[in-house]
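Here the structure is laid out as structure tokens; the discussion comes afterwards.
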Amino acid sequence: MIICIVGPTGVGKSALALRLAKATHGEIINGDAFQIYDEMNIGTAKPSKDEMREIPHHLFSIVSINDSFSSFDYQLLARKKIAELEQKGVPIIIVGGTGMYLKSALFDFDLAPQEEKVDLSYYEKLDNHNLHLELEKLDPEEALKIHENNRKRVLRAIEIYLIRGEKKSSLIGKQEHRALYDVCFVGLELPRETLYNRIELRVEKMIESGLEEEVLTLSSKYGEDHKAFQAIGYKEFITGWHQNKKRDDIIQEIKNKSRAYARRQFTYFRNQFDVNWFSSVDEAYQFSLERLNKRQ
RNA sequence: GGUUCCUUAGCCAAGUGGUAAGGCAACUGACUGCAACUCAGUGAGCGUCGGUUCAACUCCGUCAGGAACCU
């Protein structure tokens with residue numbers, strides 16, 4: 001039995017996971033795209049060293065900022081870790097806010113093991129509209145689903161076809177769209193206003209804890225051009241410095257982006273997973289505990 | 001007390017005598033190798049009252065609120 005704790009940023013997922021793990025001698029697997037990276041601690045609200053020492057935490061800080069990481073890598077590592085813990089017979093608690101990572105690991109996503117590079121330069125030169133027309137030729141079904149302005153996704157759908165020789169739509173069509181594990185999704189929610197206040201407070205705490213210094217240190221150590229720095233808090237400081245933005249404006253921007261992110265997470269979890277939602281942490285805790293105990 | 005100017009969605013803001021750009025925020029949604037990414041959709045009839053006009057948010061006046069300057 002796997003308990004997968006989801007919800008928007010700042011609701012208290014990590015704390016719930018920790019509490020559950022302590023009570024059940026369970027172990028925690030990270031389901032967050034940026035807590036994966038080493039050295040990004042303050043901005044990603046990673047659990048503290050003490051907490052990690054107390055309870056086994058997996059898939060935290062395992063990738064260097066230099067490395068590129070994707071949902072394929074996550075799928076591989078997470079599944080491996082799940083198998084290992086199932087073998088060991090401990091309760092598994094996955095916590096994270098990255099819906100797609102969770103979905104790709106837990107559901108029957110078909111991601112090709114190694115992806116060769118294909119030359120997309122012809123496509124990259126096209127404007128949005130013509131690029132979309134190209135996808136329409138290769139994979140009309142997929143073209144219907146992706147808006148032509150969503151260049152990134154249109155390009156990726158074309159790339160999938162070129163690499164795999166099969167349409168993205170047909171690859172997805174072959175899947176059963178069900179979870180591969182006995183997993184129970186537990187969602188934490190709060191009224192918008194309460195959540196937004198918590199998020200703002202959390203950002204302020206991050207600033208006090210030295211987020212700005214962390215960003216400066218890491219970006220000068222590794223350079224600024226890394227996927228990892230797309231993370232909220234890092235991105236805003238890096239681009240803000242270049243644009244000579246005022247510190248307060250940068251902080252405000254981080255708050256805004258965090259709120260918008262929380263909103264998107266709600267949309268994702270509500271509509272992509274079958275989640276048991278709780279606005280009370282205690283109730284979520286009780287519910288999860290019962291689920292875990294039932295299987296042991 | 002006088003003169004001039006301003007008043008457009010939650011905020012910022014463009015605009016024309018013929019029925020209102022855009023940005024931010026908010027909300028809804030999409031999401032199968034960048035996902036804390038990327039993308040789509042949704043809102044006002046223009047401070048108030050009255051007048052001119054075929055037609056006013058756009059012209060005239062009234063009142064209210066605000067700004068600047070003068071005394």
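Ordering of the structure tokens sets the chain letters (A, B, ...), residue numbers begin anew at 1 in every chain, and ligands are numbered from 1 in the order given.
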
Quick one: residues within 10 Å of A:Gly31, only C-alpha atoms (C1' of nucleotides) counted, chain neighbours fewer than 2 positions away excluded, as a CSV table (one decimal) with N, CA and C atoms, in the first residue's frame?
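Final file, around_32.csv:
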chain,number,residue,atom,x,y,z
A,4,CYS,N,-0.1,8.4,-1.2
A,4,CYS,CA,0.5,9.5,-2.0
A,4,CYS,C,-0.2,10.8,-1.5
A,5,ILE,N,0.6,11.6,-0.9
A,5,ILE,CA,0.1,12.9,-0.4
A,5,ILE,C,0.3,14.0,-1.4
A,6,VAL,N,-0.9,14.6,-1.8
A,6,VAL,CA,-0.8,15.6,-2.8
A,6,VAL,C,-1.5,16.9,-2.3
A,28,ILE,N,9.7,7.8,3.3
A,28,ILE,CA,9.2,8.9,2.4
A,28,ILE,C,9.9,8.9,1.1
A,29,ILE,N,9.1,9.0,0.0
A,29,ILE,CA,9.7,9.2,-1.3
A,29,ILE,C,9.2,10.6,-1.8
A,33,ALA,N,9.4,18.0,-8.2
A,33,ALA,CA,10.4,18.2,-9.3
A,33,ALA,C,11.7,18.9,-8.8
A,34,PHE,N,11.6,19.8,-7.9
A,34,PHE,CA,12.8,20.5,-7.6
A,34,PHE,C,13.5,20.2,-6.3
A,35,GLN,N,12.8,19.4,-5.4
A,35,GLN,CA,13.5,18.9,-4.2
A,35,GLN,C,14.4,17.8,-4.6
A,36,ILE,N,14.3,17.3,-5.8
A,36,ILE,CA,15.2,16.3,-6.4
A,36,ILE,C,16.6,16.9,-6.4
A,58,HIS,N,13.7,9.4,0.6
A,58,HIS,CA,14.3,9.0,-0.6
A,58,HIS,C,14.1,10.0,-1.8
A,59,LEU,N,15.0,10.0,-2.7
A,59,LEU,CA,14.9,10.9,-3.9
A,59,LEU,C,14.9,12.4,-3.6
A,60,PHE,N,15.5,12.7,-2.5
A,60,PHE,CA,15.7,14.1,-2.2
A,60,PHE,C,17.2,14.4,-2.5
A,74,TYR,N,12.5,10.4,-13.4
A,74,TYR,CA,11.8,10.3,-12.1
A,74,TYR,C,11.0,8.9,-12.1
A,78,ALA,N,11.7,6.4,-9.2
A,78,ALA,CA,10.6,6.2,-8.2
A,78,ALA,C,10.2,4.8,-8.2
A,93,ILE,N,5.3,6.2,1.7
A,93,ILE,CA,4.6,7.5,1.7
A,93,ILE,C,5.3,8.4,0.6
A,94,ILE,N,4.5,8.7,-0.4
A,94,ILE,CA,5.1,9.6,-1.5
A,94,ILE,C,4.5,11.0,-1.2
A,95,VAL,N,5.3,12.0,-1.2
A,95,VAL,CA,4.8,13.3,-1.0
A,95,VAL,C,5.3,14.2,-2.1
A,96,GLY,N,4.4,15.0,-2.7
A,96,GLY,CA,5.0,15.9,-3.7
A,96,GLY,C,3.9,16.7,-4.4
A,97,GLY,N,4.4,17.7,-5.0
A,97,GLY,CA,3.4,18.6,-5.7
A,97,GLY,C,3.5,18.6,-7.2
A,98,THR,N,4.4,17.7,-7.7
A,98,THR,CA,4.6,17.7,-9.2
A,98,THR,C,3.7,16.6,-9.8
A,99,GLY,N,2.5,17.0,-10.2
A,99,GLY,CA,1.5,16.0,-10.7
A,99,GLY,C,2.0,15.1,-11.8
A,100,MET,N,2.7,15.7,-12.7
A,100,MET,CA,3.1,14.8,-13.9
A,100,MET,C,4.2,13.8,-13.4
A,101,TYR,N,5.1,14.1,-12.5
A,101,TYR,CA,6.0,13.2,-12.1
A,101,TYR,C,5.3,12.0,-11.4
A,102,LEU,N,4.4,12.4,-10.5
A,102,LEU,CA,3.7,11.3,-9.8
A,102,LEU,C,2.9,10.4,-10.8
A,103,LYS,N,2.3,11.1,-11.7
A,103,LYS,CA,1.5,10.3,-12.7
A,103,LYS,C,2.4,9.4,-13.5
A,105,ALA,N,5.1,8.0,-12.8
A,105,ALA,CA,5.7,6.9,-12.0
A,105,ALA,C,4.6,5.9,-11.6

Please check the contacts: residues of chain A at most 9 Å away from chain B, using only C-alpha atoms (C1' of nucleotides), listed as a short mmCIF file (atom, residue, chain, number, x, y, z; two decimals) with N, CA and C atoms, in the first residue's frame.
data_model
loop_
_atom_site.label_atom_id
_atom_site.label_comp_id
_atom_site.auth_asym_id
_atom_site.auth_seq_id
_atom_site.Cartn_x
_atom_site.Cartn_y
_atom_site.Cartn_z
N THR A 9 1.14 23.82 -3.04
CA THR A 9 2.33 24.21 -2.30
C THR A 9 1.93 24.92 -1.01
N ALA A 33 9.44 18.00 -8.19
CA ALA A 33 10.43 18.15 -9.26
C ALA A 33 11.69 18.89 -8.84
N PHE A 34 11.61 19.75 -7.87
CA PHE A 34 12.80 20.55 -7.56
C PHE A 34 13.50 20.17 -6.25
N THR A 44 13.06 25.48 -2.20
CA THR A 44 12.18 24.36 -2.48
C THR A 44 11.49 23.86 -1.22
N SER A 68 20.54 17.28 -16.19
CA SER A 68 19.17 17.49 -16.61
C SER A 68 18.38 16.28 -16.15
N PHE A 69 17.19 16.54 -15.74
CA PHE A 69 16.35 15.52 -15.15
C PHE A 69 14.98 15.67 -15.76
N SER A 70 14.30 14.56 -15.95
CA SER A 70 12.98 14.67 -16.57
C SER A 70 12.03 13.67 -15.94
N SER A 71 10.79 13.71 -16.38
CA SER A 71 9.82 12.78 -15.81
C SER A 71 10.20 11.34 -16.11
N PHE A 72 10.95 11.12 -17.18
CA PHE A 72 11.41 9.75 -17.43
C PHE A 72 12.34 9.28 -16.32
N ASP A 73 13.30 10.13 -15.98
CA ASP A 73 14.24 9.78 -14.91
C ASP A 73 13.49 9.55 -13.60
N GLY A 97 4.35 17.74 -5.03
CA GLY A 97 3.42 18.62 -5.71
C GLY A 97 3.51 18.55 -7.22
N THR A 98 4.38 17.70 -7.73
CA THR A 98 4.55 17.65 -9.18
C THR A 98 3.69 16.56 -9.79
N GLY A 99 2.51 16.95 -10.19
CA GLY A 99 1.53 16.02 -10.69
C GLY A 99 2.03 15.10 -11.79
N MET A 100 2.72 15.66 -12.74
CA MET A 100 3.14 14.82 -13.85
C MET A 100 4.18 13.79 -13.44
N TYR A 101 5.05 14.13 -12.54
CA TYR A 101 6.03 13.16 -12.07
C TYR A 101 5.32 11.99 -11.39
N LYS A 103 2.27 11.06 -11.73
CA LYS A 103 1.48 10.30 -12.67
C LYS A 103 2.36 9.38 -13.53
N SER A 104 3.49 9.89 -13.94
CA SER A 104 4.33 9.07 -14.82
C SER A 104 4.93 7.89 -14.06
N PHE A 109 2.45 4.93 -17.79
CA PHE A 109 2.99 5.79 -18.84
C PHE A 109 4.05 5.03 -19.60
N ASP A 110 4.02 5.15 -20.90
CA ASP A 110 4.99 4.47 -21.74
C ASP A 110 6.03 5.48 -22.23
N LEU A 111 7.11 5.57 -21.51
CA LEU A 111 8.18 6.49 -21.90
C LEU A 111 9.35 5.65 -22.40
N ALA A 112 9.84 5.98 -23.56
CA ALA A 112 10.93 5.19 -24.15
C ALA A 112 12.19 5.33 -23.30
N GLU A 115 16.30 8.07 -25.41
CA GLU A 115 15.78 8.85 -26.50
C GLU A 115 16.92 9.39 -27.34
N LYS A 145 -5.67 18.31 -29.89
CA LYS A 145 -5.64 18.49 -28.44
C LYS A 145 -4.72 19.62 -27.98
N ILE A 146 -3.75 19.96 -28.82
CA ILE A 146 -2.78 20.97 -28.39
C ILE A 146 -3.02 22.28 -29.13
N HIS A 147 -3.16 23.34 -28.40
CA HIS A 147 -3.36 24.66 -29.00
C HIS A 147 -2.09 25.08 -29.72
N GLU A 148 -2.24 25.73 -30.85
CA GLU A 148 -1.05 26.06 -31.65
C GLU A 148 -0.08 27.01 -30.92
N ASN A 149 -0.58 27.76 -29.98
CA ASN A 149 0.33 28.64 -29.23
C ASN A 149 1.19 27.88 -28.24
N ASN A 150 0.80 26.67 -27.96
CA ASN A 150 1.56 25.89 -26.99
C ASN A 150 2.70 25.18 -27.71
N ARG A 151 3.59 26.02 -28.19
CA ARG A 151 4.70 25.63 -29.04
C ARG A 151 5.50 24.46 -28.46
N LYS A 152 5.80 24.56 -27.19
CA LYS A 152 6.59 23.54 -26.51
C LYS A 152 5.98 22.15 -26.69
N ARG A 153 4.70 22.06 -26.49
CA ARG A 153 4.01 20.77 -26.56
C ARG A 153 3.86 20.32 -28.00
N ARG A 156 7.14 18.96 -29.06
CA ARG A 156 7.39 17.65 -28.42
C ARG A 156 6.60 16.54 -29.08
N LYS A 168 2.10 10.14 -30.93
CA LYS A 168 1.88 10.30 -29.50
C LYS A 168 0.47 9.84 -29.14
N LEU A 171 0.34 6.08 -28.98
CA LEU A 171 1.05 5.57 -27.81
C LEU A 171 0.16 5.69 -26.57
N ILE A 172 -0.48 6.83 -26.45
CA ILE A 172 -1.35 7.04 -25.30
C ILE A 172 -2.59 6.16 -25.39
N LYS A 227 17.91 24.02 -15.99
CA LYS A 227 16.49 23.74 -15.79
C LYS A 227 16.07 23.96 -14.35
N GLN A 230 14.42 27.10 -13.12
CA GLN A 230 13.05 27.47 -13.49
C GLN A 230 12.18 27.49 -12.25
N ALA A 231 12.70 26.97 -11.18
CA ALA A 231 11.92 26.90 -9.95
C ALA A 231 11.56 28.29 -9.46
N ILE A 232 10.35 28.41 -8.95
CA ILE A 232 9.90 29.69 -8.42
C ILE A 232 10.82 30.12 -7.28
N GLY A 233 11.18 31.38 -7.30
CA GLY A 233 12.07 31.90 -6.27
C GLY A 233 13.48 32.06 -6.84
N ASN A 256 3.35 36.09 -6.01
CA ASN A 256 2.33 35.95 -7.06
C ASN A 256 2.47 34.63 -7.79
N LYS A 257 3.70 34.30 -8.16
CA LYS A 257 3.91 33.07 -8.91
C LYS A 257 3.58 31.85 -8.07
N SER A 258 3.88 31.93 -6.80
CA SER A 258 3.59 30.80 -5.92
C SER A 258 2.08 30.58 -5.80
N TYR A 261 0.82 29.08 -8.95
CA TYR A 261 1.24 27.69 -8.99
C TYR A 261 0.31 26.82 -8.15
N THR A 267 -6.00 22.39 -9.81
CA THR A 267 -6.62 21.95 -11.05
C THR A 267 -6.10 20.58 -11.46
N TYR A 268 -4.80 20.40 -11.36
CA TYR A 268 -4.21 19.13 -11.79
C TYR A 268 -4.70 17.97 -10.93
#

| field | Near-stretch 197-208 of chain A list (10 Å; only C-alpha atoms (C1' of nucleotides); drop same-chain fewer than 4 positions) as a ChimeraX atom specification | value | /A:8-12,41-45,190,192-193,212-214,233,251-252,254-256,258-259,262

| Which value, in Å to one decimal, gives the distance between atom CA of A:His132 and atom CA of A:Val118? |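 It comes out at 18.2 Å.
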
| field | Residue contacts of stretch 56-64 of chain B (10 Å, only C-alpha atoms (C1' of nucleotides)) excluding same-chain residues fewer than 4 positions away, as a VMD selection string | value | chain B and resid 8 15 to 20 45 to 52

Just-selected residues, C-alpha atoms (C1' of nucleotides) written as a CSV table (one decimal), in the first residue's frame:
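Output file selection_11.csv is given in full below:
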chain,number,residue,atom,x,y,z
B,8,U,C1',-12.4,53.9,-17.7
B,15,G,C1',-8.7,54.9,-26.5
B,16,U,C1',-12.5,56.9,-30.4
B,17,G,C1',-19.0,60.9,-31.7
B,18,G,C1',-21.2,55.1,-33.7
B,19,U,C1',-22.0,50.6,-28.6
B,20,A,C1',-14.4,49.8,-24.9
B,45,G,C1',-20.3,49.8,-21.1
B,46,C,C1',-16.2,54.2,-19.1
B,47,G,C1',-17.6,58.8,-11.1
B,48,U,C1',-23.0,61.4,-10.7
B,49,C,C1',-27.2,63.8,-12.6
B,50,G,C1',-28.9,66.4,-16.8
B,51,G,C1',-28.4,68.4,-21.8
B,52,U,C1',-26.8,68.4,-27.2

| said: Counting only C-alpha atoms, which residue out of A:Ile238, A:Val154, A:Val90, A:Ile2 sits closest to A:Leu216? | reply: A:Ile238

| field | Residues of stretch 21-213 of chain A in strand (DSSP E), written as a list in words | value |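 Restricting stretch 21-213 of chain A to strand (DSSP E) produces Glu27, Ile28, Ile29, Asn30, His57, His58, Ile92, Ile93, Ile94, Val95, Val183, Cys184, Phe185, Val186, Gly187 and Leu188 of chain A.
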
| task | Could you please determine the separation between atom CA of A:Ile163 and atom CA of A:Gln114 in Å, to one decimal place? | result |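 Here the two named atoms are 10.2 Å from each other.
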
| task | Give me, please, the distance in Å between atom C1' of B:G65 and atom C1' of B:A44, quoted to one decimal. | result |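 A separation of 20.3 Å between them.
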
| query | Just asking: which residues within stretch 51-216 of chain A are helix (DSSP H, G or I) according to DSSP, as an NGL selection string? | reply | :A and (51-54 or 71-88 or 99-106 or 121-124 or 128-138 or 140-145 or 151-164 or 168-173 or 192-208 or 211-216)
